[in-house]
Every structure is written in structure tokens, then in C-alpha cells.
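Peer 1: Take a look at this one; I'll ask things after.
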Amino acid sequence: MSEGIRVVSDKALKDFAAKVFASCSVKPENAELWAEILVWANLRGVDSHGVLRIPRYVESLKNGNINPRPNISMEKSSGAIAVIDCDASPGPIGMERAMREAIERARKVNIGWCIAKNITHTGAIGYYAQIAAKSNMAGIVMIASRPMMAYHGARVAGLSTNPLSIAVPGNNHAPLVVDMSTSTVSMGKVLEARDAGEAIPDNWALDQNGDITTDPNSASILMPLGGAKGSSLSLLFECLVSLMGSNPLIARLIQPGGDPSGFRQNGLAAAINISAFIDIEEFANEVDLLAASIKTLPVAEGVKEIYAPGERGDTVLSERKKSGIPLPKGTWDRLSEVAISLGIEMPETT
């Protein structure tokens, strides 16, 4: 284990995060849910979307970019669709509410499509997709955000890293979950590299001048996944989420005079009632067979095991539940600064 790493149990880390948010005027139940979603990411090895984000969240709660006590309201409601205005809520609170809304509609009309307007950073969106999978539904989640990724062929930020997650239930197998960004990596991966004091690959980011950089401290513009493919997906997610929610972001922000530093995002949570198409047990058994079949494929050189979507995270979760969550020195130090400022004790290490 690298020097300076602290190891904390998931319970201790969750309790710490909840105390931080509650100290910033977030309702206790929302503070606990937000903490749970952050630590869920850490447990699955998605540290880029875990507690390393807390200092930024605290700053945004203090400066008003995140509303600690939002008034989330229903703006549109008709059959399968809903649009909720989240009033700059913490992203996890708004997106969890949106997926619950989508599931309720899917139970009635077999599909639910809920757009959440005016949310803030959502964390690991696989969490919301798997809520649907655990309800025997297929879950789809998309997020649309401010410009922070280069459009293919451009040297400035023209799009967001708009992520996508899809989850389906298995029977004996855990839900299959894909959670991916339309950029080569998320900004959280760059933050991870900063905290670990490591260089980044030369296909991750550009600096503020539009030049390729391997220095995570200089990285300011992420690069699209697969070139034009990532750019196109991101642009269409803006159409399906922001435009359909009557809350466009990108075009307004990249025009002359636009302010691309805004913190607002929009999200889509969709749930599909699988049993409307096929018996759910039959479907889940086929998911199990599909996952097992993929794992029997001959492995490429240097590969120890083939993972179905979500399996790698399931494996890490099992390990970290037992041994704890490792926090790099950079993350620990930044969390310590937050704890001191709020008068909160740091979590005990194992």
C-alpha cells in the first residue's frame, strides 16, 4: 500500500460524510442519503466519485451553488413522463428522487421517464440505475452538464462529460451495471491523480491553452471518448435531457458572453418494466447465462479474468467491506481541512 494511505471502514466514512453535510445545513435524512451514495462509489472502487468530492461540495454549499434545503417540485406530470425542478439540490438527492418517480410510473404504465432540472453534481450515476434493477426493472440514467470537455476537433471546452448508466437485474447474478462518461475519463479521475501525486495519460486532458497535458494540476479540459463518438453522444444527451426539460445549458454557455463556470446540471432517470415484455424470472435467468457465457471467453494476453459489466465493482465492494476503504494522503489531508473548519472529528482508521 502506498505511503500515507489511511484505511477507513465504510460505516465510519459514511457517518463522517453525513456529519459534514448536516453541519452545512443539509437535512439529516438527505445528509445520510448523500453520504451513502458517495461511499457506495468508494466501496466499488470508483474513488473519483466518492468522498474526495466532499471539499468541493462543502465549498459549493457555502457559496450557494448547492442549495442545502431545496424545494423540489413537480413541474410536469403526464402518464409516463415527469419533470421535476430540484432547486439546485445536491445532485444525489434530486436523482434518487427522479428514479423513484420513474419507477412508480413504470409500475403503472410500464415505463417512467423523469427529467430532473437544476440539480448539481450527481456522483456515481450507476447508483440510480441499480435502484431500478433492484426493483426488477431496467434503469437508464443520463446527465447533462456545463462545458468541460473538448468537442472533437476543438481545443476549447464545448460540451460536458455527460455520463450514461444502464442497469438490468439478474437472478443469482448481481445486476449488470455500466456507468460511463462520454469523455475518456471523468474529471474525478484527474482529481484522483492529483491526490495521489501521479501523472495522467496523454489522452485524458488539455490544459487551459488547449494543449495536451500529462500534469493533472494543469488539466482543465477533458477529451471525448472515441473522438467524434464521445462528442456526438454528449451532444445528444444535452438534447434528450436539457432541451427536453426546457433547461438548455451548452448553447447558452459557449456563446460569447456565456459563463461556463455555472454549477447547474440536468438529469434523466428512466425505468422500464421488464415484465411487460417477458417474464421477469426468465429474463433474469438469461442475464445470469449471458454473464456466465461472457466469462468463458478465452482471455487475451495479460488478462486474468473477464468481467461482465459491474462485476469488477462487485469484487472491490466485497473486498472493501471486509478490509476498509483506502484514502490517499491528498484526499485525507483535504478532508481534514474540512473537518477542522466544521469542528468535526475525522473518522477512525483501521
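Just so we're on the same page: first chain in the C-alpha cells is A, next is B, and so on; residues restart at 1 for each chain, and ligands are numbered from 1 in the order they show up.
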When you look at segment 326-338 of chain A with a cut-off of 10 Å (counting only C-alpha atoms), what residues show up, excluding the ones that are within fewer than 5 positions of it in the same chain? I need them as a PDB file with C-alpha atoms, in the first residue's frame.

Peer 2:
ATOM      1  CA  MET A   1       0.000   0.000   0.000  1.00  0.00           C
ATOM      2  CA  SER A   2       1.311   3.459  -0.903  1.00  0.00           C
ATOM      3  CA  GLU A   3       2.793   5.676   1.783  1.00  0.00           C
ATOM      4  CA  GLY A   4       0.359   7.945   3.586  1.00  0.00           C
ATOM      5  CA  ILE A   5      -2.788   5.973   2.731  1.00  0.00           C
ATOM      6  CA  ARG A   6      -5.383   5.780   5.529  1.00  0.00           C
ATOM      7  CA  VAL A   7      -7.957   2.976   5.639  1.00  0.00           C
ATOM      8  CA  VAL A   8     -11.459   3.663   6.963  1.00  0.00           C
ATOM      9  CA  SER A   9     -14.496   1.397   7.317  1.00  0.00           C
ATOM     10  CA  PHE A  16     -18.285  11.280   8.794  1.00  0.00           C
ATOM     11  CA  ALA A  17     -19.721  12.408   5.440  1.00  0.00           C
ATOM     12  CA  VAL A  20     -20.154  17.117   7.286  1.00  0.00           C
ATOM     13  CA  ASN A  42     -15.787   4.302  -2.795  1.00  0.00           C
ATOM     14  CA  LEU A  43     -16.850   0.773  -1.906  1.00  0.00           C
ATOM     15  CA  GLY A  45     -13.575   1.365  -6.315  1.00  0.00           C
ATOM     16  CA  ASP A  47     -12.991   6.725  -5.753  1.00  0.00           C
ATOM     17  CA  VAL A  51     -15.573  11.283  -0.610  1.00  0.00           C
ATOM     18  CA  LEU A  52     -12.744  13.103  -2.388  1.00  0.00           C
ATOM     19  CA  ARG A  53     -15.561  15.314  -3.720  1.00  0.00           C
ATOM     20  CA  ILE A  54     -16.582  16.474  -0.230  1.00  0.00           C
ATOM     21  CA  PRO A  55     -14.363  19.596  -0.062  1.00  0.00           C
ATOM     22  CA  ARG A  56     -15.823  20.869  -3.345  1.00  0.00           C
ATOM     23  CA  VAL A  58     -18.781  21.967   1.116  1.00  0.00           C
ATOM     24  CA  GLU A  59     -17.443  24.973  -0.756  1.00  0.00           C
ATOM     25  CA  LEU A 191      -8.629  14.672  -9.139  1.00  0.00           C
ATOM     26  CA  GLU A 192      -7.615  11.168  -8.042  1.00  0.00           C
ATOM     27  CA  ALA A 193      -4.291  11.585  -9.833  1.00  0.00           C
ATOM     28  CA  ARG A 194      -3.772  14.966  -8.143  1.00  0.00           C
ATOM     29  CA  ASP A 195      -4.375  13.467  -4.707  1.00  0.00           C
ATOM     30  CA  ALA A 196      -2.063  10.552  -5.465  1.00  0.00           C
ATOM     31  CA  GLY A 197       0.655  12.804  -6.952  1.00  0.00           C
ATOM     32  CA  ARG A 320     -13.541  -3.173   0.894  1.00  0.00           C
ATOM     33  CA  GLY A 343     -15.378  21.262  14.121  1.00  0.00           C
ATOM     34  CA  ILE A 344     -15.854  17.604  13.206  1.00  0.00           C
ATOM     35  CA  GLU A 345     -13.562  14.744  14.125  1.00  0.00           C
ATOM     36  CA  MET A 346     -12.018  12.709  11.321  1.00  0.00           C
ATOM     37  CA  PRO A 347     -13.159   9.085  11.080  1.00  0.00           C
ATOM     38  CA  THR A 349      -8.767   4.446  10.732  1.00  0.00           C
ATOM     39  CA  THR A 350      -8.446   0.667  10.757  1.00  0.00           C
TER      40      THR A 350
END

Peer 1: Which of segment 83-282 of chain A counts as strand (DSSP E or B) under DSSP, as number ranges by chain please?

Peer 2: A: 83-89, 111-119, 137-144, 149-150, 157-159, 164-168, 176-180, 183, 205-206, 212-213, 221-222, 224, 265-273

Peer 1: Need to verify the contact set: Ser183 of chain A, 12 Å, only C-alpha atoms, exclusion of same-chain residues closer than 5 positions in sequence. Can you return it as a VMD selection string?

Peer 2: chain A and resid 147 to 152 157 159 to 164 188 to 190 203 to 205 221 to 235

Peer 1: Calculated over only C-alpha atoms, which of the candidates A:Ala41, A:Ala124, A:Glu75, A:Gly170 has the smallest distance to Glu282 of chain A?

Peer 2: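 Among the listed residues, the smallest separation from Glu282 of chain A belongs to A:Gly170.
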
Peer 1: Need to verify the contact set: Pro201 of chain A, 9 Å, only C-alpha atoms, exclusion of same-chain residues closer than 5 positions in sequence. Can you return it as a list in words?

Peer 2: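 Near Pro201 of chain A, the qualifying residues are Thr213, Thr214 and Asp215 of chain A.
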
Peer 1: Go ahead and save the picked residues with N, CA and C atoms, as a PDB file, in the first residue's frame.

Peer 2:
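Result written to again28.pdb:
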ATOM      1  N   THR A 213      -1.812  17.624 -22.016  1.00  0.00           N
ATOM      2  CA  THR A 213      -1.005  17.663 -20.799  1.00  0.00           C
ATOM      3  C   THR A 213      -1.051  16.318 -20.086  1.00  0.00           C
ATOM      4  N   THR A 214       0.029  16.002 -19.384  1.00  0.00           N
ATOM      5  CA  THR A 214       0.059  14.823 -18.518  1.00  0.00           C
ATOM      6  C   THR A 214       0.110  15.234 -17.052  1.00  0.00           C
ATOM      7  N   ASP A 215       0.021  16.524 -16.799  1.00  0.00           N
ATOM      8  CA  ASP A 215       0.055  17.060 -15.441  1.00  0.00           C
ATOM      9  C   ASP A 215      -1.383  17.258 -14.953  1.00  0.00           C
TER      10      ASP A 215
END

Peer 1: Check the DSSP output for the backbone and give back, as number ranges by chain, the residues of segment 174-325 of chain A in helix (DSSP H, G or I).

Peer 2: A: 187-196, 228-243, 250-254, 274-276, 280-295, 311-323

Peer 1: Quick one: residues within 9 Å of segment 236-249 of chain A, only C-alpha atoms counted, chain neighbours fewer than 6 positions away excluded, as a list in words?

Peer 2: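 Here the answer would be Val83, Ile84, Ile115, Ala116, Lys117, Asn118, Met142, Ile143, Ala144, Ser145, Arg146, Pro147, Leu159, Ser160, Asn162, Pro163, Leu164, Arg264, Gln265, Asn266, Gly267 and Leu268 of chain A.
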
Peer 1: Report, in Å with one decimal, the straight-line distance from atom CA of Tyr57 of chain A to atom CA of Val178 of chain A.

Peer 2: 25.1 Å

Peer 1: Write out as CSV a residue-level contact list of segment 117-214 of chain A versus segment 96-112 of chain A with cut-off 8 Å: for each qualifying residue the closest pair of atoms and the distance in Å to one decimal, counting only C-alpha atoms, rows sorted by chain and residue number upward.

Peer 2:
residue,atom,partner,partner_atom,distance
A:Tyr128,CA,A:Glu96,CA,6.1
A:Ala129,CA,A:Met99,CA,7.7
A:Ile131,CA,A:Met99,CA,7.4
A:Ala132,CA,A:Ile103,CA,6.6
A:Ser135,CA,A:Ile103,CA,7.9
A:Met137,CA,A:Ile103,CA,7.9

Peer 1: Quick one: residues within 8 Å of Ile166 of chain A, only C-alpha atoms counted, chain neighbours fewer than 5 positions away excluded, as number ranges by chain?

Peer 2: A: 126, 129-130, 138-141, 177-179

Peer 1: Report, in Å with one decimal, the straight-line distance from atom CA of Lys295 of chain A to atom CA of Tyr307 of chain A.

Peer 2: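 Pair atom CA of Lys295 of chain A / atom CA of Tyr307 of chain A returns 6.6 Å.
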
Peer 1: Would you mind listing what lies within 7 Å of segment 120-123 of chain A as an MDAnalysis selection string, with only C-alpha atoms counted and same-chain residues fewer than 5 positions away left out?

Peer 2: chainID A and resid 38 49 66 88:92 263:265

Peer 1: What separation in Å, quoted to one decimal, exists between atom CA of Glu36 of chain A and atom CA of Leu176 of chain A?

Peer 2: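 Straight-line distance from atom CA of Glu36 of chain A to atom CA of Leu176 of chain A works out to 20.4 Å.
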
Peer 1: Here is a test: counting only C-alpha atoms, which residue of A:Ala167, A:Ala80, A:Cys114, A:Ala12 is nearest to Val39 of chain A?

Peer 2: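 Counting only C-alpha atoms, the residue closest to Val39 of chain A is A:Ala12.
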